[in-house]
Amino acid sequence: MRLTFLGTGDAFCDWRVNYNNNAVIETAEGLVLLDCGLTAVQSMRELGLSVHDVAAVLITHVHADHVTLAPLLLERFYGGRAGPAFQPTRVYSPPDVMTDVRRCLGPLFAGINGPEGGPVPGGLAGVLIGVPAHQVQVGGLRFRFFPVPHVSDGERDKPAYGVEIAWGVRRVLYTSDTTFRREWLVRVAREPDVVALFHDCTFSPCYPGTVHTHFDQLCTLPPDVQARITLMHHVAVPDGVDIRAFAGAAGRHQAFEL
Ligand SMILES: [Zn+2]
Ligand SMILES: [Zn+2]
């Protein structure tokens with residue numbers, strides 16, 4: 001299984017330095033995107049990957065660096081070597097996230113023209129095949145969404161999920177955006193079938209109301225747990241910061257063979 005990062009930056013990073021934290025997995029059925037932010041299509045171009053080979057997009061939550069789907073949907077629909085391919089895009093997310101995805105994109109795709117020249121019946125539904133699901137199987141890989149605490153209004157958490165990727169007896173955990181959960185991290189990092197654990201990390205000092213996990217917090221974990229964690233969503237490791245206790249910090253366009 002090969003997972004390649006389209007970017008490992010945050011929502012606001014300088015695109016000359018890094019792109020939004022999204023990833024692509026190559027499967028026998030085609031490419032699977034883990035999130036699709038503002039920079040996903042450009043990053044795929046740089047990697048020599050075609051948007052027309054995308055079999056599925058998994059969306060973890062509704063933030064712009066994870067769900068700016070319009071460029072991908074439009075290029076798959078109107079782009080193509082021999083004219084518009086009119087390819088709809090299959091998108092999976094848990095039902096609460098899918099409701100928000102449709103709500104965000106609906107007005108953008110109302111009245112979009114299709115192969116017959118007139119508006120595509122159903123508007124957004126003609127270009128986005130939204131599948132509300134907590135798990136899906138693509139190309140021999142099993143993908144399962146698990147809830148993570150990310151943004152809370154004080155009473156309720158915004159729907160946000162990580163993704164578990166499983167095949168054979170192996171699993172990879174990809175948190176997407178999450179606040180720090182010590183007990184969970186200690187538990188899953190020690191499970192022997194987890195071969196990689198990609199975790200949200202920001203290098204800014206921890207502040208009240210943070211919606212991410214801070215490097216300072218990860219540094220309080222036992223050494224054997226730190227050694228299992230690959231940092232992501234960090235933009236860049238600041239000069240002088242020692243990350244040798246961790247498995248590493250993923251970089252833009254870095255591929256992991258797992
Ligand atoms: Zn993010
Ligand atoms: Zn987020």
# chains A, B, ... in the order shown; residues from 1 in each chain; ligands from 1
>>> closest_atom_pairs(of="chain A", to="ligand 2", cutoff="10 Å", atoms="only C-alpha atoms and all ligand atoms", output="tab-separated table")
residue	atom	partner	partner_atom_place_in_ligand_line	distance
A:Asp10	CA	ligand 2	1 (Zn)	8.5
A:Ala11	CA	ligand 2	1 (Zn)	7.9
A:Asn21	CA	ligand 2	1 (Zn)	9.8
A:Thr60	CA	ligand 2	1 (Zn)	8.6
A:His61	CA	ligand 2	1 (Zn)	6.6
A:Val62	CA	ligand 2	1 (Zn)	7.1
A:His63	CA	ligand 2	1 (Zn)	5.1
A:Ala64	CA	ligand 2	1 (Zn)	7.9
A:Asp65	CA	ligand 2	1 (Zn)	7.2
A:His66	CA	ligand 2	1 (Zn)	7.1
A:Val67	CA	ligand 2	1 (Zn)	9.6
A:His150	CA	ligand 2	1 (Zn)	6.8
A:Val151	CA	ligand 2	1 (Zn)	7.5
A:Lys158	CA	ligand 2	1 (Zn)	9.5
A:Ala160	CA	ligand 2	1 (Zn)	7.8
A:Tyr161	CA	ligand 2	1 (Zn)	9.8
A:Ser176	CA	ligand 2	1 (Zn)	7.7
A:Asp177	CA	ligand 2	1 (Zn)	5.1
A:Thr178	CA	ligand 2	1 (Zn)	7.7
A:Asp200	CA	ligand 2	1 (Zn)	9.9
A:Val211	CA	ligand 2	1 (Zn)	7.6
A:His212	CA	ligand 2	1 (Zn)	8.0
A:His233	CA	ligand 2	1 (Zn)	9.8
>>> residues_around(residues="segment 92-107 of chain A", least_positions_apart="2", cutoff="7 Å", atoms="only C-alpha atoms", output="list in words")
Val57, Leu58, Ile59, Thr60, His61, Val62, Arg90, Phe109, Ala110, Leu124, Gly130, Val131, Pro132, Ala133, His134 and Pro159 of chain A
>>> residues_around(residues="Leu141 of chain A", least_positions_apart="4", cutoff="8 Å", atoms="only C-alpha atoms", output="list of chain:residue names")
A:Thr27, A:Gln137, A:Ile165, A:Ala166, A:Trp167
>>> select_by_dssp(residues="segment 9-235 of chain A", states="strand (DSSP E)", output="ChimeraX atom specification")
/A:22-27,30-34,54-58,89-93,128-132,135-138,141-147,161-167,170-174,194-200,229-232
>>> closest_residue(among="A:Pro88, A:Gly123, A:Gly162, A:Pro222", to="Phe145 of chain A", atoms="only C-alpha atoms")
A:Gly162
>>> closest_residue(among="A:Asp224, A:Asp157, A:Glu164, A:Asp216", to="Phe180 of chain A", atoms="only C-alpha atoms")
A:Asp216
>>> closest_residue(among="A:Ala56, A:Leu185, A:Val194, A:Val51", to="Asp35 of chain A", atoms="only C-alpha atoms")
A:Ala56
>>> residues_around(residues="Val17 of chain A", least_positions_apart="5", cutoff="9 Å", atoms="only C-alpha atoms", output="ChimeraX atom specification")
/A:9,235-236,252
